[in-house]
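Notes for the one structure printed next.
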Amino acid sequence: MKVFITGGAGFVGGHLSETFLDAGHDVEILDDLSTGSIENIEHLKGRKGFSYAIDTVMNERLTAELIDRADVVVHLAAAVGVKLIVESPVRTIETNVHATEIVLSHANKKRKKVLIASTSEVYGKSTDVPFREDGDLVMGASIKGRWSYACSKAIDEFLALAYHKERKLPVVVFRLFNTVGPRQTGRYGMVIPNFVRQALSGQPITVFGDGEQRRCFTDISDVVGALLKLSESEEAVGQVINIGNDSREVSIMDLAKLVKEKAKSSSEIVLVPYAQAYEEGFEDMPRRIPNLTKIKNLIGYEPKVDLDGILDRVIDHFMTNQGRI
Ligand code: UDP
């Protein structure tokens, strides 16, 4: 099978490309390196069946050609990271909505199966944890920039499901929950690479808000394993599917303490108000836990790497790469 991955040089894309190659598939990626990095695919260059193009999905002719050549498309290209979203809302909305329109319309012309990346962010302020795929999406006001990400991804979901319903396009929508692993950059706000970098360099570990907000973290290896299976599943077509890890919910303050301990760091842990970390009036989610019933039933999914394993892997990667994450 030939797989075309948009955003293939991103953190998820690099790992996913490797997983498909290891499974014996050919992989072609497209990435404009806006948030992705060539370092994410450096180890794949020269591997049989792997090729890459550095360009944007907005280059419609190229995207159409790459879709034509593929059997399955995985659309990962998007603006991600809460910090990036708050700082660059125009880019977030345009990238997330327009790129998905292009991918879906061309996939539809050639009837290619498409997996569309979405996010747990779409559950927004819902307190109905653990989040089920058919639960309500609770967005905040449009004057609060953060919600533009959730809304843009929700539009992607609606469009993908509309193509499926109206035009019979085989689509799978997957919602990623706080995914972490080696090579993830902290540049766009993600908490674990930031805490690890701060802990290992002796800088203050910055906990935003009061640190009582809680998250469940998923290792990238569990995510890409699930995506490989979903790409082969007939039953997954037309579905919206959570991918996450519900085994341990941790407060961000406890996470900071755990990272400090594991990294044997002398960094102090400091509280930073949301207004300073992001912007005035920023709204965070108190809790975010996935309901994994659907994916367990579909592909027998069982996350294997726990929070300790995730942190060990990220710390190890950071140390062997001298902080280049
Ligand atoms: N966070 C933090 N310090 C940081 C980066 C993030 O305390 O340096 C917090 C953030 O406010 C959120 C949680 O960690 O409550 C997870 O943030 P991330 O951006 O990784 O993912 P989110 O769950 O917000 O999508």
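So you can find residues: chains in the structure tokens are A, B, ... in the order shown, residues in each start at 1, and ligands are numbered from 1 in order.
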Using only C-alpha atoms and all ligand atoms, find each residue of chain A with at least one atom at most 6 Å away from an atom of ligand 1; report its shortest atom-to-atom pair and that distance in Å (one decimal), sort the rows by chain and rising residue number, and return the result as a Markdown table.
| residue | atom | partner | partner_atom_place_in_ligand_line | distance |
| --- | --- | --- | --- | --- |
| A:Gly81 | CA | ligand 1 | 19 (O) | 5.9 |
| A:Val82 | CA | ligand 1 | 19 (O) | 5.3 |
| A:Asn178 | CA | ligand 1 | 23 (O) | 5.9 |
| A:Gly189 | CA | ligand 1 | 19 (O) | 4.9 |
| A:Met190 | CA | ligand 1 | 20 (O) | 3.4 |
| A:Val191 | CA | ligand 1 | 5 (C) | 3.7 |
| A:Asn194 | CA | ligand 1 | 8 (O) | 5.3 |
| A:Thr206 | CA | ligand 1 | 3 (N) | 5.0 |
| A:Val207 | CA | ligand 1 | 7 (O) | 3.5 |
| A:Phe208 | CA | ligand 1 | 7 (O) | 3.7 |
| A:Gln213 | CA | ligand 1 | 15 (O) | 5.6 |
| A:Ile252 | CA | ligand 1 | 14 (O) | 5.8 |
| A:Asp284 | CA | ligand 1 | 15 (O) | 6.0 |
For stretch 13-55 of chain A versus stretch 63-80 of chain A, which residues have an atom no more than 12 Å away, and what is each residue's nearest atom pair and distance in Å rounded to one decimal, using only C-alpha atoms, chain-then-number order, as JSON lines?
{"residue": "A:Gly13", "atom": "CA", "partner": "A:Leu76", "partner_atom": "CA", "distance": 7.0}
{"residue": "A:Gly14", "atom": "CA", "partner": "A:Leu76", "partner_atom": "CA", "distance": 10.7}
{"residue": "A:His15", "atom": "CA", "partner": "A:Leu76", "partner_atom": "CA", "distance": 12.0}
{"residue": "A:Leu16", "atom": "CA", "partner": "A:Val74", "partner_atom": "CA", "distance": 9.5}
{"residue": "A:Ser17", "atom": "CA", "partner": "A:Val74", "partner_atom": "CA", "distance": 10.1}
{"residue": "A:Phe20", "atom": "CA", "partner": "A:Val74", "partner_atom": "CA", "distance": 11.2}
{"residue": "A:His25", "atom": "CA", "partner": "A:Asp71", "partner_atom": "CA", "distance": 10.4}
{"residue": "A:Asp26", "atom": "CA", "partner": "A:Ala70", "partner_atom": "CA", "distance": 9.0}
{"residue": "A:Val27", "atom": "CA", "partner": "A:Ala70", "partner_atom": "CA", "distance": 8.7}
{"residue": "A:Glu28", "atom": "CA", "partner": "A:Leu66", "partner_atom": "CA", "distance": 7.7}
{"residue": "A:Ile29", "atom": "CA", "partner": "A:Leu66", "partner_atom": "CA", "distance": 8.5}
{"residue": "A:Leu30", "atom": "CA", "partner": "A:Thr63", "partner_atom": "CA", "distance": 8.0}
{"residue": "A:Asp31", "atom": "CA", "partner": "A:Ala77", "partner_atom": "CA", "distance": 7.3}
{"residue": "A:Asp32", "atom": "CA", "partner": "A:Ala77", "partner_atom": "CA", "distance": 8.9}
{"residue": "A:Leu33", "atom": "CA", "partner": "A:Ala77", "partner_atom": "CA", "distance": 9.9}
{"residue": "A:Ser34", "atom": "CA", "partner": "A:Ala79", "partner_atom": "CA", "distance": 8.7}
{"residue": "A:Thr35", "atom": "CA", "partner": "A:Ala79", "partner_atom": "CA", "distance": 7.6}
{"residue": "A:Gly36", "atom": "CA", "partner": "A:Ala77", "partner_atom": "CA", "distance": 9.0}
{"residue": "A:Ser51", "atom": "CA", "partner": "A:Leu66", "partner_atom": "CA", "distance": 10.9}
{"residue": "A:Tyr52", "atom": "CA", "partner": "A:Leu66", "partner_atom": "CA", "distance": 10.3}
{"residue": "A:Ala53", "atom": "CA", "partner": "A:Leu66", "partner_atom": "CA", "distance": 9.5}
{"residue": "A:Ile54", "atom": "CA", "partner": "A:Thr63", "partner_atom": "CA", "distance": 11.3}
{"residue": "A:Asp55", "atom": "CA", "partner": "A:Thr63", "partner_atom": "CA", "distance": 9.1}
- Message: Using only C-alpha atoms, can you tell me which of A:Tyr278, A:Tyr301, A:Phe195, A:Phe4 comes closest to A:Ala256?
- Response: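 Using only C-alpha atoms, the shortest distance to A:Ala256 belongs to A:Phe195.
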- Task: Name the closest residue to A:Val12 among the candidates A:Arg214, A:Lys110, A:Lys264, A:Arg183; distances are taken between atoms, counting only C-alpha atoms.
- Result: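 Of A:Arg214, A:Lys110, A:Lys264, A:Arg183, the one nearest A:Val12 is A:Arg183, counting only C-alpha atoms.
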- Please, what distance in Å, to one decimal, runs between atom CA of A:Lys296 and atom CA of A:Ile192?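 Taking atom CA of A:Lys296 and atom CA of A:Ile192, their separation equals 26.1 Å.
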- Find the residues near A:Glu212: any atom within 9 Å, counting only C-alpha atoms, skip ones fewer than 6 places away on the same chain, and give them as a ChimeraX atom specification. /A:250-254,286
For the residues selected in the previous step, produce a file with N, CA and C atoms as a PDB file, in the first residue's frame.
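Below is the file part19.pdb, written as the result:
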ATOM      1  N   VAL A 250      -3.180  13.081  35.669  1.00  0.00           N
ATOM      2  CA  VAL A 250      -2.202  13.744  36.538  1.00  0.00           C
ATOM      3  C   VAL A 250      -2.432  15.255  36.513  1.00  0.00           C
ATOM      4  N   SER A 251      -2.278  15.903  37.676  1.00  0.00           N
ATOM      5  CA  SER A 251      -2.379  17.366  37.672  1.00  0.00           C
ATOM      6  C   SER A 251      -1.066  17.915  37.123  1.00  0.00           C
ATOM      7  N   ILE A 252      -1.140  19.118  36.574  1.00  0.00           N
ATOM      8  CA  ILE A 252       0.070  19.692  35.969  1.00  0.00           C
ATOM      9  C   ILE A 252       1.117  19.983  37.054  1.00  0.00           C
ATOM     10  N   MET A 253       0.666  20.303  38.260  1.00  0.00           N
ATOM     11  CA  MET A 253       1.627  20.505  39.357  1.00  0.00           C
ATOM     12  C   MET A 253       2.340  19.191  39.682  1.00  0.00           C
ATOM     13  N   ASP A 254       1.587  18.103  39.774  1.00  0.00           N
ATOM     14  CA  ASP A 254       2.221  16.808  40.055  1.00  0.00           C
ATOM     15  C   ASP A 254       3.138  16.383  38.911  1.00  0.00           C
ATOM     16  N   PRO A 286     -10.235  22.152  32.789  1.00  0.00           N
ATOM     17  CA  PRO A 286      -9.833  21.584  34.082  1.00  0.00           C
ATOM     18  C   PRO A 286      -9.407  20.121  33.976  1.00  0.00           C
TER      19      PRO A 286
END
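Here atom CA of A:Gly124 is placed at a distance of 20.0 Å from atom CA of A:Lys294.
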- Message: Considering only helix (DSSP H, G or I) as DSSP defines it on the backbone, what residues of stretch 129-241 of chain A qualify? List them as a ChimeraX atom specification.
- Response: /A:147-167,191-201,220-232
- Nearest to A:Glu133, chosen from A:Arg61, A:Arg287, A:Lys262, A:Arg175, with only C-alpha atoms counted in the distances: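 Under the stated criterion, the closest residue is A:Arg175.
Among the candidates A:Leu258, A:Ile220, A:Val114, A:Leu21, the one nearest to A:His164 when counting only C-alpha atoms is A:Val114.
Nearest to A:Val223 of all the residues A:Thr179, A:Ser126, A:Ser247, A:Thr100 is A:Thr179, counting only C-alpha atoms.
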